[in-house]
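All remarks here apply to the structure that follows.
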Amino acid sequence: MTQLPVADAIARAHHEEWARVVAGLARRFGDLDLAEEAAAEAFVAAVERWPHDGVPPSPGGWLTTTARRKAIDRLRRESHREAKHQAAQMLSDHAPPEPTGPVEDDRLRLLFTCCHPALSMEARVALTLRLLGGLTVAEIAHAFLVPETTMAQRITRAKAKIRAAHIPYRVPSATDLHERLTGVLAVVYLVFNEGYLASTGDDPLRADLTDEAIRLGRLLRSLLPDDGEVTGLLALMLLTDARRAARVSQTGELVTLDEQDRGAWDRPLIAEGHALVRERLAAVAASGEPPGRYQLLAAINAVHTDARSARDTDWSQIVTLYNRLMALDPSPIVRLNRAIAVAELDGPDLALAQVDRLTESLEGYHAFHASRADLLRRLGRSAESRTAYDRAIQLTGNPAERAYLARRRDQLVRS
Amino acid sequence: MPRYLLSVFGPTERPELGGYASKEAMLESFADTGAFNDMLEREGHFVFADGLEPAATATTVDGQGDKPVITDGPYLEAKEQLGGFWVIEAADLDEALALAAEGSRACRGTVEVRPFHTEESVKALLDS
C-alpha cells in the first residue's frame, strides 16, 4: 500500500510516533519504565513484522495498540498479585481516553515531567532525549561523551525519583505554566547549543543534537502555538541552524559570521525562521506583551540572516535588540554579546572598554577572551591580542574553534 | 496520599537568639510558623511537626551487638544539623514543594523535601 521502503516507514514512524506512544502509555499505566519498555518492544515488533506484513495503514495506531498489548503482557508476567490484579483491571478498561485538548496532549505532560525542576539539568536533558526524542541510551551517552552505563544509571535514577517523590504527570496550572515552560525551553536550547558548538569531543557540530532540539521545538510549537517564547525558540534554532553548512570550513575550522559564505546558508530554514519572527512581531504589536529572551534572540538572528553581506548588517537594530534583552537579562554573557555589536556600530575602543568591565565574571569563558583578542587586534594592540588568543585557545573545548583562533593568532604574529 | 518529610537544618552550634537578628524577629518567625502550621491543619496536610533541641543534646545508640553501645552526640558529625521538621501529606511533589516554600519563608530556613516510602514502594522492595 505504500511505496516507501519499509525501513524508511519505520524510521519515520519512530520520529513521528515514539513520543506519542510513550506519553500515552505513561498516562494509562502511570509508570515511565513500563511505558518506555513497552514502546521499545512495539518498535522491535514493527521491525520484525512490517517487512512481511506490509506497513499498516495507520502506523501510529498499530504502534499504540501493539505497545499497549506489550505493556499488559509485561504486567501479566510480573508475578506479584497487585500487578496481576491491575493488569486484569486494565484489560477490562474500555473507558474512553481522558478528554485531551491541545494543551492536554500527553506528550506535553511527559515533557513537563521530564523537565521538572526537582530533577538535575543533566537528568532532564537525558530523560527528554530518551522519552520524547526516542534516542537510545547509547546515542545519548555518545552525544554527551559519557560511558553508556553512566547515562543508563542517570536515566534510571531520574525515573526512580519521579516515581518515589511523586513528580506529577501533568501540565502545570496556569499560574505555574510560564515559569515551568521556561525550564522546558532551557532544556531544549541546551540540547541545541551542545549540538551547535559542542563543548567537548572531536566533532565541532553534532547534527543529531541540533536536529533533535529542532524536532522538540517543532513539537512544542504544535502543542503551544500561541506561546511567544515557544515560537521564539523555534525561530532562533532555525535561523542558527540555517548557517550550519557555512560554519565549519573544509579544513575543520570555525568560520565566524562575518566570513561565512552566505550562499551556503539554508534558505528554506531562513524563510521559515523569518516567518516565525514576523508572526511574533505582529503578535507583540497587537497584544503589547513584551517579547521574551528567545524572541529577542530570534529577532537578532533574523537581522543577521537578512543581510546580504556582513557589511550590510543593520547593527543599530541589533544593538537596540540587545538593549531590550539586557533589560530582561543583564547577565555578563548578554553584555558581552551586546559589546560585540557595539564594536561594529561605535568602534572597537568603546566595545573593548565594555568588555573589560566583564573580566571578573567571564575570566573562565573562552568567548570572552576570543572577543577581547579580536577587539585588541583591530586596535593594533598585537601583544595583548596574542595573550588573549592564547587564553581563549586554552579554554575552548571545540576543535574547530581552536583551529580558527590559532590561525587568527598566527596571522597576528606576521602582521 | 503521599507523605513528605520537610526538614529544616541549622548550625550545630546555635547562636544566641537562634540566629535571629533580634528577639522581635524571632517572635515574628515563630508566629509565622504557627500560622503556617494552622494552615496545614486546616487544609488537611498536617501529620506532625516540631522543633528539636540542639544536636549536642542527642545520644546515639547501637543495639545491634550483645549490649547496646551508647555514645554522646549526634550520629553524623556536621556543621549543620536537623533543627526541626514537618511531616505532611500532599497530592504530589508540586504541592509538597509549594508548601515547603511557604514553610521556608515562615521559619526563615532552607527546607529539604523528601518522600516517605509508600505501600507500593515497599512492595516493590520486597519483590525485588
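Labels used: A, B, ... for chains in the order of the C-alpha cells, numbers from 1 for residues in each chain, and numbers from 1 for ligands as shown.
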Sorted by chain and rising residue number, which residues of chain A lie within 7 Å of chain B, and what are their closest atom pairs and distances in Å to one decimal, counting only C-alpha atoms, as CSV?
```
residue,atom,partner,partner_atom,distance
A:Ala164,CA,B:Pro115,CA,6.6
A:Ala165,CA,B:Pro115,CA,5.2
A:His166,CA,B:Asp92,CA,5.1
A:Ile167,CA,B:Leu93,CA,5.0
A:Pro168,CA,B:Asp92,CA,6.0
```
Inset, instruction - May I have the residues within 12 Å of A:Leu345 as a list in words, using only C-alpha atoms and disregarding those fewer than 5 positions away in the same chain? - result: Arg311, Asp312, Thr313, Asp314, Trp315, Ser316, Gln317, Ile318, Val319, Thr320, Arg338, Ala339, Ile340, Leu350 and Ala351 of chain A
Using C-alpha atoms, can you write the selected residues to a file as a tab-separated table (two decimals), in the first residue's frame?
```tsv
chain	number	residue	atom	x	y	z
A	311	ARG	CA	28.79	44.81	5.92
A	312	ASP	CA	25.08	45.24	5.15
A	313	THR	CA	24.08	44.16	8.68
A	314	ASP	CA	21.81	46.63	10.45
A	315	TRP	CA	23.99	46.94	13.57
A	316	SER	CA	21.96	49.70	15.15
A	317	GLN	CA	18.92	47.42	15.04
A	318	ILE	CA	20.98	44.65	16.64
A	319	VAL	CA	22.22	46.93	19.44
A	320	THR	CA	18.63	48.08	20.04
A	338	ARG	CA	26.00	43.44	23.05
A	339	ALA	CA	29.54	44.82	23.23
A	340	ILE	CA	30.48	42.84	20.11
A	350	LEU	CA	34.29	51.69	23.07
A	351	ALA	CA	33.44	47.99	22.86
```
Inset, instruction - From the DSSP assignment of the backbone, select every residue of chain B that is alpha helix (DSSP H), and format the answer as number ranges by chain. - result: B: 23-42, 93-107, 119-127
Inset, instruction - For B:Ser7, please output as a ChimeraX atom specification all residues within 9 Å (counting only C-alpha atoms; exclusion window: fewer than 5 positions along the same chain). - result: /B:82-87,110-114
Legend entry - Residue nearest A:Ser173 among A:Arg130, A:Arg109, A:His369, A:Arg378 (counting only C-alpha atoms):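 Closest candidate: A:Arg109.
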Inset, instruction - Could you jot down the atom CA of A:Leu63 to atom CA of A:Ala13 separation for me, Å, one decimal place? - result: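 Atom CA of A:Leu63 sits 8.7 Å away from atom CA of A:Ala13.
Within 7 Å of A:Leu131, once only C-alpha atoms are used and residues closer than 2 positions along the same chain are dropped, the contacting residues are Ala19, Val22, Glu36, Leu127, Thr128, Leu129, Gly133 and Gly134 of chain A.
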Legend entry - Distance in Å - atom CA of A:His366 versus atom CA of A:Arg215: 29.1 Å
Legend entry - Nearby residues (only C-alpha atoms) at most 12 Å from stretch 40-50 of chain A, same-chain spacing under 2 positions excluded, as an MDAnalysis selection string: chainID A and resid 1:2 4:15 17:19 21:22 25 33:38 52:57 59:71 73:74 130:131 134:137
Legend entry - Residues near B:Asn37, cut-off 9 Å, only C-alpha atoms, skip fewer than 5 positions along chain, as a list in words: Asp32, Arg42, Phe46, Ala49, Trp86 and Gly103 of chain B
Save out the residues we just selected, C-alpha atoms, as an mmCIF file, in the first residue's frame.
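Result saved to result-v4.cif:
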```cif
data_model
loop_
_atom_site.group_PDB
_atom_site.id
_atom_site.type_symbol
_atom_site.label_atom_id
_atom_site.label_comp_id
_atom_site.auth_asym_id
_atom_site.auth_seq_id
_atom_site.Cartn_x
_atom_site.Cartn_y
_atom_site.Cartn_z
ATOM 1 C CA ASP B 32 4.568 32.943 61.006
ATOM 2 C CA ARG B 42 -6.949 23.442 58.075
ATOM 3 C CA PHE B 46 -0.641 18.276 58.713
ATOM 4 C CA ALA B 49 5.693 18.997 63.187
ATOM 5 C CA TRP B 86 7.216 18.728 59.388
ATOM 6 C CA GLY B 103 7.234 26.838 55.368
#
```
Inset, instruction - Name all residues at most 7 Å from A:Pro332 (count only C-alpha atoms; drop same-chain ones fewer than 3 positions away) and give them as a ChimeraX atom specification. - result: /A:335-336,358,361
Dump of C-alpha atoms for the selected residues, as a short mmCIF file (atom, residue, chain, number, x, y, z; two decimals), in the first residue's frame:
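Generated output (again05.cif):
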```
data_model
loop_
_atom_site.label_atom_id
_atom_site.label_comp_id
_atom_site.auth_asym_id
_atom_site.auth_seq_id
_atom_site.Cartn_x
_atom_site.Cartn_y
_atom_site.Cartn_z
CA ARG A 335 26.54 42.23 27.89
CA LEU A 336 29.47 40.60 26.10
CA LEU A 358 33.24 41.93 32.46
CA SER A 361 32.65 37.39 35.83
#
```
